[in-house]
Each structure stands twice: as structure tokens, then as C-alpha cells.
$ cat query06.txt   # compact mmCIF, C-alpha atoms
# COMPACT_ATOMS: atom_id res chain seq x y z
CA MET A 280 0.00 0.00 0.00
CA GLN A 281 2.83 2.37 0.88
CA LYS A 282 4.69 1.69 -2.35
CA SER A 283 1.51 2.13 -4.35
CA PHE A 284 0.74 5.47 -2.68
CA PHE A 285 4.13 7.02 -3.41
CA ARG A 286 4.18 5.55 -6.92
CA ASN A 287 0.92 7.33 -7.76
CA PHE A 288 1.53 10.42 -5.62
CA VAL A 289 4.32 11.57 -7.92
CA ALA A 290 2.36 10.60 -11.04
CA PHE A 291 -0.64 12.64 -9.84
CA PHE A 292 1.26 15.92 -9.54
CA PHE A 293 3.24 15.19 -12.69
CA ALA A 294 -0.02 14.76 -14.62
CA LEU A 295 -1.61 17.78 -12.93
CA ALA A 296 1.29 20.02 -13.96
CA PHE A 297 1.11 18.70 -17.52
CA MET A 298 -2.63 19.31 -17.67
CA ARG A 299 -2.23 22.85 -16.42
CA ARG A 300 0.50 23.59 -18.94
CA LYS A 301 -1.47 22.16 -21.88
CA LYS A 302 -4.81 23.47 -20.56
CA ILE A 303 -6.33 19.98 -20.49
CA TRP A 304 -9.30 19.11 -18.29
CA PHE A 305 -12.29 16.79 -18.03
CA SER A 306 -14.31 16.64 -21.25
CA GLY A 307 -17.51 17.24 -19.31
CA LYS A 308 -19.22 14.11 -20.61
CA SER A 309 -21.14 12.52 -17.76
CA SER A 310 -21.12 9.18 -19.61
CA ASN A 311 -17.32 9.05 -19.10
CA ILE A 312 -17.45 9.20 -15.29
CA LEU A 313 -18.20 5.49 -14.73
CA PRO A 314 -15.50 4.35 -17.21
CA LEU A 315 -13.02 6.66 -15.45
CA ILE A 316 -13.87 5.07 -12.11
CA LEU A 317 -13.66 1.56 -13.58
CA ARG A 318 -10.30 2.37 -15.18
CA SER A 319 -9.06 3.55 -11.79
CA VAL A 320 -10.42 0.53 -9.88
CA PHE A 321 -8.94 -1.97 -12.33
CA GLY A 322 -5.65 -0.08 -12.42
CA THR A 323 -5.38 0.10 -8.63
CA VAL A 324 -6.10 -3.63 -8.27
CA GLY A 325 -3.52 -4.32 -10.95
CA ILE A 326 -0.83 -2.26 -9.20
CA LEU A 327 -1.45 -3.74 -5.74
CA CYS A 328 -1.43 -7.31 -7.06
CA ASN A 329 1.69 -6.66 -9.11
CA PHE A 330 3.56 -5.10 -6.17
CA TYR A 331 2.72 -8.08 -3.98
CA ALA A 332 3.93 -10.46 -6.70
CA VAL A 333 7.17 -8.48 -7.14
CA ASP A 334 7.83 -8.78 -3.40
CA HIS A 335 7.28 -12.55 -3.29
CA LEU A 336 8.35 -13.91 -6.68
CA VAL A 337 11.39 -13.80 -8.91
CA LEU A 338 11.28 -10.34 -10.51
CA ALA A 339 11.14 -11.71 -14.07
CA ASP A 340 8.27 -14.07 -13.12
CA ALA A 341 6.26 -11.23 -11.58
CA SER A 342 6.87 -9.03 -14.63
CA MET A 343 5.91 -11.81 -17.03
CA LEU A 344 2.64 -12.45 -15.23
CA ASN A 345 1.90 -8.73 -15.35
CA LYS A 346 2.58 -8.87 -19.09
CA MET A 347 -0.53 -11.00 -19.50
CA SER A 348 -2.26 -7.60 -19.61
CA PRO A 349 -2.19 -7.18 -23.43
CA PHE A 350 -3.93 -10.52 -23.85
CA PHE A 351 -6.56 -9.60 -21.28
CA ALA A 352 -6.89 -6.26 -23.06
CA ILE A 353 -7.85 -8.16 -26.22
CA ILE A 354 -10.44 -10.19 -24.31
CA PHE A 355 -11.96 -7.15 -22.61
CA SER A 356 -11.85 -5.15 -25.86
CA CYS A 357 -13.97 -7.88 -27.40
CA LEU A 358 -16.44 -7.86 -24.50
CA ILE A 359 -16.60 -4.10 -23.87
CA LEU A 360 -15.59 -2.37 -27.12
CA LYS A 361 -17.07 -5.10 -29.33
CA GLU A 362 -13.79 -5.42 -31.25
CA LYS A 363 -13.73 -8.65 -33.24
CA VAL A 364 -11.34 -11.41 -32.17
CA SER A 365 -10.05 -13.69 -34.92
CA PRO A 366 -9.35 -17.41 -34.43
CA PHE A 367 -5.61 -16.63 -34.44
CA GLN A 368 -6.05 -14.06 -31.66
CA ALA A 369 -8.07 -16.55 -29.63
CA MET A 370 -5.32 -19.13 -30.10
CA ALA A 371 -2.68 -16.60 -29.03
CA VAL A 372 -4.62 -15.76 -25.86
CA GLY A 373 -4.98 -19.46 -25.06
CA GLY A 374 -1.27 -20.01 -25.68
CA ALA A 375 -0.37 -17.10 -23.42
CA PHE A 376 -2.56 -18.54 -20.68
CA LEU A 377 -0.80 -21.90 -20.94
CA GLY A 378 2.53 -20.11 -20.80
CA SER A 379 1.44 -18.32 -17.63
CA LEU A 380 0.65 -21.69 -16.03
CA LEU A 381 4.28 -22.72 -16.55
CA ILE A 382 5.34 -19.63 -14.60
CA ILE A 383 2.68 -19.98 -11.90
CA LYS A 384 3.21 -23.76 -11.61
CA PRO A 385 -0.07 -24.23 -9.69
CA THR A 386 0.08 -26.85 -6.96
CA VAL A 387 -1.89 -27.41 -3.81
CA ILE A 388 1.19 -27.25 -1.62
CA GLY A 389 3.20 -24.64 -3.54
CA MET A 390 4.07 -21.75 -1.24
CA ASP A 391 4.47 -19.46 -4.29
CA LEU A 392 0.98 -20.14 -5.62
CA PHE A 393 -0.74 -17.22 -3.85
CA PRO A 394 1.64 -14.46 -5.05
CA ALA A 395 1.69 -16.05 -8.53
CA VAL A 396 -2.11 -15.99 -8.72
CA LEU A 397 -2.11 -12.37 -7.53
CA GLY A 398 0.46 -11.55 -10.21
CA PHE A 399 -1.85 -13.15 -12.78
CA LEU A 400 -4.80 -11.12 -11.44
CA GLY A 401 -2.59 -8.02 -11.63
CA GLY A 402 -2.17 -8.64 -15.35
CA MET A 403 -5.93 -9.10 -15.67
CA GLY A 404 -6.59 -5.82 -13.85
CA ALA A 405 -4.09 -3.97 -16.03
CA GLY A 406 -5.65 -5.41 -19.19
CA ALA A 407 -9.10 -4.25 -18.11
CA ALA A 408 -7.69 -0.82 -17.22
CA TYR A 409 -6.02 -0.44 -20.65
CA THR A 410 -9.32 -1.35 -22.31
CA MET A 411 -11.05 1.44 -20.41
CA VAL A 412 -8.25 3.82 -21.44
CA ARG A 413 -9.02 3.10 -25.09
CA TYR A 414 -12.76 3.41 -24.43
CA LEU A 415 -12.26 6.83 -22.82
CA SER A 416 -9.85 8.02 -25.52
CA GLU A 417 -12.39 7.17 -28.21
CA ARG A 418 -14.90 9.31 -26.30
CA GLY A 419 -12.82 12.44 -26.03
CA GLU A 420 -10.84 12.10 -22.79
CA LYS A 421 -7.21 13.18 -22.97
CA GLY A 422 -4.42 10.91 -21.73
CA PRO A 423 -3.04 13.29 -19.06
CA PHE A 424 -6.48 13.63 -17.43
CA ILE A 425 -6.95 9.84 -17.43
CA VAL A 426 -3.55 9.44 -15.73
CA CYS A 427 -4.30 12.20 -13.22
CA PHE A 428 -7.73 10.79 -12.30
CA PHE A 429 -6.37 7.27 -11.86
CA SER A 430 -3.36 8.41 -9.81
CA GLY A 431 -5.52 10.54 -7.51
CA PHE A 432 -8.05 7.72 -7.07
CA SER A 433 -5.31 5.22 -6.22
CA CYS A 434 -3.77 7.63 -3.67
CA LEU A 435 -7.13 8.06 -1.95
CA VAL A 436 -7.67 4.28 -1.78
CA THR A 437 -4.24 3.59 -0.26
CA LEU A 438 -4.08 6.67 2.01
CA PRO A 439 -5.97 5.10 4.97
CA PHE A 440 -3.54 2.17 5.02
CA LEU A 441 -0.66 4.64 4.90
CA ILE A 442 -2.06 6.56 7.89
CA PHE A 443 -2.97 3.62 10.14
CA SER A 444 -0.21 1.20 9.17
CA PHE A 445 2.75 3.39 8.25
CA TYR A 446 6.14 1.72 7.94
CA PRO A 447 8.98 4.14 8.85
CA MET A 448 11.36 4.77 5.95
CA THR A 449 14.91 5.98 5.69
CA ILE A 450 15.76 8.99 3.53
CA TRP A 451 17.22 6.59 0.98
CA GLN A 452 14.03 4.49 0.84
CA LEU A 453 11.90 7.61 0.44
CA ALA A 454 14.15 8.82 -2.39
CA ILE A 455 13.89 5.44 -4.13
CA LEU A 456 10.08 5.47 -3.82
CA LEU A 457 9.87 8.98 -5.26
CA LEU A 458 12.15 7.98 -8.14
CA ALA A 459 9.95 4.92 -8.70
CA GLY A 460 6.97 7.28 -8.83
CA LEU A 461 8.75 9.45 -11.40
CA CYS A 462 9.51 6.42 -13.57
CA ALA A 463 5.92 5.22 -13.17
CA ALA A 464 4.62 8.62 -14.26
CA GLY A 465 6.61 8.36 -17.47
CA GLY A 466 5.35 4.80 -17.95
CA GLN A 467 1.73 5.84 -17.34
CA PHE A 468 1.91 8.66 -19.89
CA THR A 469 3.49 6.52 -22.59
CA ILE A 470 1.30 3.44 -22.10
CA THR A 471 -1.82 5.62 -21.97
CA ALA A 472 -0.76 7.32 -25.21
CA ALA A 473 -0.04 3.94 -26.81
CA TYR A 474 -3.48 2.51 -25.99
CA SER A 475 -5.10 5.80 -27.00
CA TYR A 476 -3.66 5.74 -30.51
CA ALA A 477 -3.68 2.03 -31.34
CA PRO A 478 -5.61 -1.16 -30.49
CA ALA A 479 -4.09 -3.51 -27.94
CA ARG A 480 -3.49 -6.16 -30.60
CA GLU A 481 -1.06 -3.87 -32.45
CA ILE A 482 1.20 -2.69 -29.61
CA SER A 483 1.39 -5.64 -27.22
CA VAL A 484 4.69 -6.94 -28.60
CA TYR A 485 6.53 -3.75 -27.62
CA ASP A 486 5.40 -4.05 -24.02
CA TYR A 487 7.33 -7.30 -23.66
CA SER A 488 10.71 -5.55 -23.68
CA GLN A 489 10.10 -5.06 -19.95
CA ILE A 490 10.71 -8.77 -19.41
CA VAL A 491 14.27 -8.49 -20.68
CA PHE A 492 15.00 -5.56 -18.37
CA SER A 493 13.35 -7.30 -15.40
CA ALA A 494 15.29 -10.51 -15.93
CA VAL A 495 18.62 -8.67 -16.23
CA LEU A 496 17.95 -6.39 -13.25
CA GLY A 497 16.63 -9.29 -11.18
CA TYR A 498 19.88 -11.18 -11.78
CA CYS A 499 22.24 -8.20 -11.33
CA VAL A 500 20.57 -6.70 -8.26
CA PHE A 501 19.00 -9.69 -6.49
CA GLY A 502 20.86 -12.66 -7.98
CA GLN A 503 17.54 -14.17 -9.13
CA ILE A 504 17.61 -16.87 -11.82
CA PRO A 505 14.26 -18.10 -13.22
CA ASP A 506 13.85 -21.87 -13.51
CA VAL A 507 13.49 -23.85 -16.74
CA LEU A 508 9.68 -23.91 -16.68
CA SER A 509 9.59 -20.13 -16.22
CA TRP A 510 11.90 -19.63 -19.22
CA LEU A 511 9.64 -21.92 -21.27
CA GLY A 512 6.64 -19.84 -20.14
CA TYR A 513 8.44 -16.63 -21.19
CA LEU A 514 9.20 -18.13 -24.59
CA ILE A 515 5.59 -19.19 -25.19
CA ILE A 516 4.03 -15.89 -24.10
CA CYS A 517 6.53 -13.75 -26.03
CA SER A 518 6.09 -16.00 -29.10
CA MET A 519 2.34 -15.45 -28.93
CA ALA A 520 2.86 -11.68 -28.71
CA VAL A 521 5.29 -11.61 -31.65
CA GLY A 522 2.98 -13.91 -33.64
CA MET A 523 0.06 -11.53 -33.09
CA PHE A 524 2.20 -8.56 -34.13
CA PHE A 525 3.11 -10.12 -37.49
CA TYR A 526 -0.41 -11.43 -37.95
CA HIS A 527 -1.85 -7.92 -37.71
CA LYS A 528 0.90 -6.56 -39.93
CA LYS A 529 -0.23 -9.05 -42.55
CA VAL A 530 -3.98 -8.49 -42.27
CA THR A 531 -3.68 -4.68 -42.22
$ encode --input "query06.txt" --output "C-alpha cells"
Amino acid sequence: MQKSFFRNFVAFFFALAFMRRKKIWFSGKSSNILPLILRSVFGTVGILCNFYAVDHLVLADASMLNKMSPFFAIIFSCLILKEKVSPFQAMAVGGAFLGSLLIIKPTVIGMDLFPAVLGFLGGMGAGAAYTMVRYLSERGEKGPFIVCFFSGFSCLVTLPFLIFSFYPMTIWQLAILLLAGLCAAGGQFTITAAYSYAPAREISVYDYSQIVFSAVLGYCVFGQIPDVLSWLGYLIICSMAVGMFFYHKKVT
């Protein structure tokens, strides 16, 4: 909760300053209020689940599970935006799900099952949130306002936990959290812009570069080495993403 608050606290003021500079505000459409709230709820759930997974799993595993979001975005785009899903897309989503099972390795006695499932749910929440971003963008909401609304909402949700269960931090930890918030703000702006200008099916492959960075940083900083099944899961999910990218290049 504490990490989530500081991550979004910086993003909120970053987005607010950008909105003020560009004179961007709410479109005024009352029909967009519920989608804004849903985007914020899904996004907050996604962040909290992802942070828990990052704390309890190998960094690359947690990142890979979070990268299920583009596939969930396709599913939710079909259900909410009525975008058509081809047989190839359905196969890719199914393949990605099977790949995620190799990373989760579900077992009744596995101590890592709970954080792995939460990581999977984090990817689901992010996918639903990105779908709402596209929905809102198609109805006139600007990216900076969507980021600002979500960041403010998430701060309000996590603030009570911060007040009643605050964990004292060193100056160094506070600085790291604020830097994480700054990086997250940049990520929020770019991913919001990406989903505003293109369907999820066309940009998902680029999002998977995070896995490479996570695996390298996880090894260099924490000495974490994913197991063979996890690597196989990475390969399957990334293959599905690359396959979808070239599929849409061909059909368009």
C-alpha cells in the first residue's frame, strides 16, 4: 500500500502540472465518469497485485505475469468495445494462458501459488484498465487527465492504510520510492498514449521488452535466476505476442 501510494503520488502531480501547462481538463461528458472510475479501480487492483507479486516472486516471473495484460486487453476489448477477435487471436490468448501456467506452476502445496495468482490477477486488472483507457480516448478524454484521475483515485484508496499502518522509511528508501513514482509517471503517460492511438493487438509486442529488463535487473541486483519452466513460459508468451504482431501486420 505504501509503495503504491508514493508511486501514484508523484504521477498525480506530474499529470496535474502537464494538464495545467497544456490546458487539459475533463471533457464534461457525464457518460465518461463510470469508465473513469472503472479504469481507476482496475488499475489500482492491478498495481497492488503486481507489487505483492514483485515482493514474493522472482522479478522476471512477476513481470511476465503482469505482461498478461495485453492478452486480457484483447479479451476485454472484445467484450466491452465489441472489437472482433479472430481465431488466431483466440489461439494466441490461449497459448499465453498456458505459458502463464508454466510460470505460476499451480500446486496445492506450492508456497508461491498465492503471489503467482495475484500476479496473474494483476495482469488481468491492467488489461481491463487499458481497455477502459481506449474506451475513454475514443470518447474524447485526454491521456493526461486519465492518468491524473487514476493516480488521484489510487492515492485516496491507499491513504488510509498509509495513515494507520505506516512503515517508517529511511531517507534513501523515500528517495527510491519517489524515483519509482517518477519512472511510473513516465510509464503511465506513454502506455496511456499507446493505448489511445492504437488497439491492444497492435502494440502488445513492444510491451514485452520489460521482461528483458526485469530478468537482467533481477539477476544483477537480487541474484535471481528463473527456472526452466519459467523460461519456457516466457518463450511461449513472447512468441504469442510476436505472432500476433506479425499477424496484424499481414492483415492490415
$ residues_around --input "query06.txt" --residues "segment 492-497 of chain A" --least-positions-apart "5" --cutoff "12 Å" --atoms "all atoms listed in the file" --output "count of residues only"
23
$ atom_distance --input "query06.txt" --atom1 "atom CA of Val320 of chain A" --atom2 "atom CA of Leu358 of chain A"
17.9 Å
$ atom_distance --input "query06.txt" --atom1 "atom CA of Lys529 of chain A" --atom2 "atom CA of Phe350 of chain A"
19.1 Å
$ closest_residue --input "query06.txt" --among "A:Phe285, A:Gln467, A:Gly512, A:Met280" --to "Ala454 of chain A" --atoms "all atoms listed in the file"
A:Phe285
$ atom_distance --input "query06.txt" --atom1 "atom CA of Gln281 of chain A" --atom2 "atom CA of Thr437 of chain A"
7.3 Å
$ closest_residue --input "query06.txt" --among "A:Lys302, A:Arg413, A:Arg286, A:Lys361" --to "Ala464 of chain A" --atoms "all atoms listed in the file"
A:Arg286
$ closest_residue --input "query06.txt" --among "A:Phe468, A:Tyr414, A:Phe367, A:Phe432" --to "Tyr526 of chain A" --atoms "all atoms listed in the file"
A:Phe367
$ build_atoms --input "query06.txt" --residues "segment 459-470 of chain A" --atoms "all heavy atoms" --output "short mmCIF file (atom, residue, chain, number, x, y, z; two decimals), in the frame of the given file"
data_model
loop_
_atom_site.label_atom_id
_atom_site.label_comp_id
_atom_site.auth_asym_id
_atom_site.auth_seq_id
_atom_site.Cartn_x
_atom_site.Cartn_y
_atom_site.Cartn_z
N ALA A 459 10.84 5.93 -8.11
CA ALA A 459 9.95 4.92 -8.70
C ALA A 459 8.66 5.58 -9.20
O ALA A 459 8.15 5.24 -10.27
CB ALA A 459 9.61 3.84 -7.68
N GLY A 460 8.16 6.54 -8.42
CA GLY A 460 6.97 7.28 -8.83
C GLY A 460 7.21 8.08 -10.09
O GLY A 460 6.35 8.16 -10.97
N LEU A 461 8.40 8.67 -10.21
CA LEU A 461 8.75 9.45 -11.40
C LEU A 461 8.81 8.55 -12.64
O LEU A 461 8.28 8.89 -13.70
CB LEU A 461 10.09 10.16 -11.19
CG LEU A 461 10.52 11.13 -12.29
CD1 LEU A 461 9.52 12.28 -12.41
CD2 LEU A 461 11.92 11.68 -11.98
N CYS A 462 9.44 7.39 -12.47
CA CYS A 462 9.51 6.42 -13.57
C CYS A 462 8.11 5.93 -13.95
O CYS A 462 7.79 5.78 -15.13
CB CYS A 462 10.38 5.23 -13.18
SG CYS A 462 12.13 5.62 -13.00
N ALA A 463 7.29 5.69 -12.93
CA ALA A 463 5.92 5.22 -13.17
C ALA A 463 5.10 6.27 -13.90
O ALA A 463 4.27 5.94 -14.75
CB ALA A 463 5.25 4.86 -11.85
N ALA A 464 5.34 7.55 -13.58
CA ALA A 464 4.62 8.62 -14.26
C ALA A 464 4.94 8.60 -15.75
O ALA A 464 4.04 8.72 -16.59
CB ALA A 464 5.01 9.98 -13.65
N GLY A 465 6.23 8.45 -16.07
CA GLY A 465 6.61 8.36 -17.47
C GLY A 465 5.98 7.15 -18.14
O GLY A 465 5.48 7.22 -19.27
N GLY A 466 5.97 6.01 -17.42
CA GLY A 466 5.35 4.80 -17.95
C GLY A 466 3.86 4.97 -18.18
O GLY A 466 3.31 4.53 -19.20
N GLN A 467 3.17 5.63 -17.22
CA GLN A 467 1.73 5.84 -17.34
C GLN A 467 1.40 6.71 -18.55
O GLN A 467 0.46 6.42 -19.30
CB GLN A 467 1.20 6.53 -16.07
CG GLN A 467 0.86 5.58 -14.96
CD GLN A 467 -0.33 4.72 -15.29
OE1 GLN A 467 -1.38 5.20 -15.72
NE2 GLN A 467 -0.18 3.41 -15.14
N PHE A 468 2.17 7.77 -18.76
CA PHE A 468 1.91 8.66 -19.89
C PHE A 468 2.12 7.93 -21.22
O PHE A 468 1.30 8.05 -22.14
CB PHE A 468 2.82 9.89 -19.82
CG PHE A 468 2.21 11.03 -19.07
CD1 PHE A 468 2.40 11.16 -17.70
CD2 PHE A 468 1.42 11.97 -19.71
CE1 PHE A 468 1.82 12.20 -16.99
CE2 PHE A 468 0.83 13.02 -19.00
CZ PHE A 468 1.04 13.14 -17.64
N THR A 469 3.19 7.17 -21.32
CA THR A 469 3.49 6.52 -22.59
C THR A 469 2.54 5.37 -22.88
O THR A 469 2.09 5.20 -24.02
CB THR A 469 4.95 6.02 -22.62
OG1 THR A 469 5.21 5.21 -21.45
CG2 THR A 469 5.93 7.19 -22.63
N ILE A 470 2.20 4.56 -21.86
CA ILE A 470 1.30 3.44 -22.10
C ILE A 470 -0.12 3.93 -22.37
O ILE A 470 -0.84 3.37 -23.19
CB ILE A 470 1.31 2.44 -20.91
CG1 ILE A 470 0.74 1.08 -21.34
CG2 ILE A 470 0.52 2.96 -19.73
CD1 ILE A 470 1.62 0.32 -22.29
#
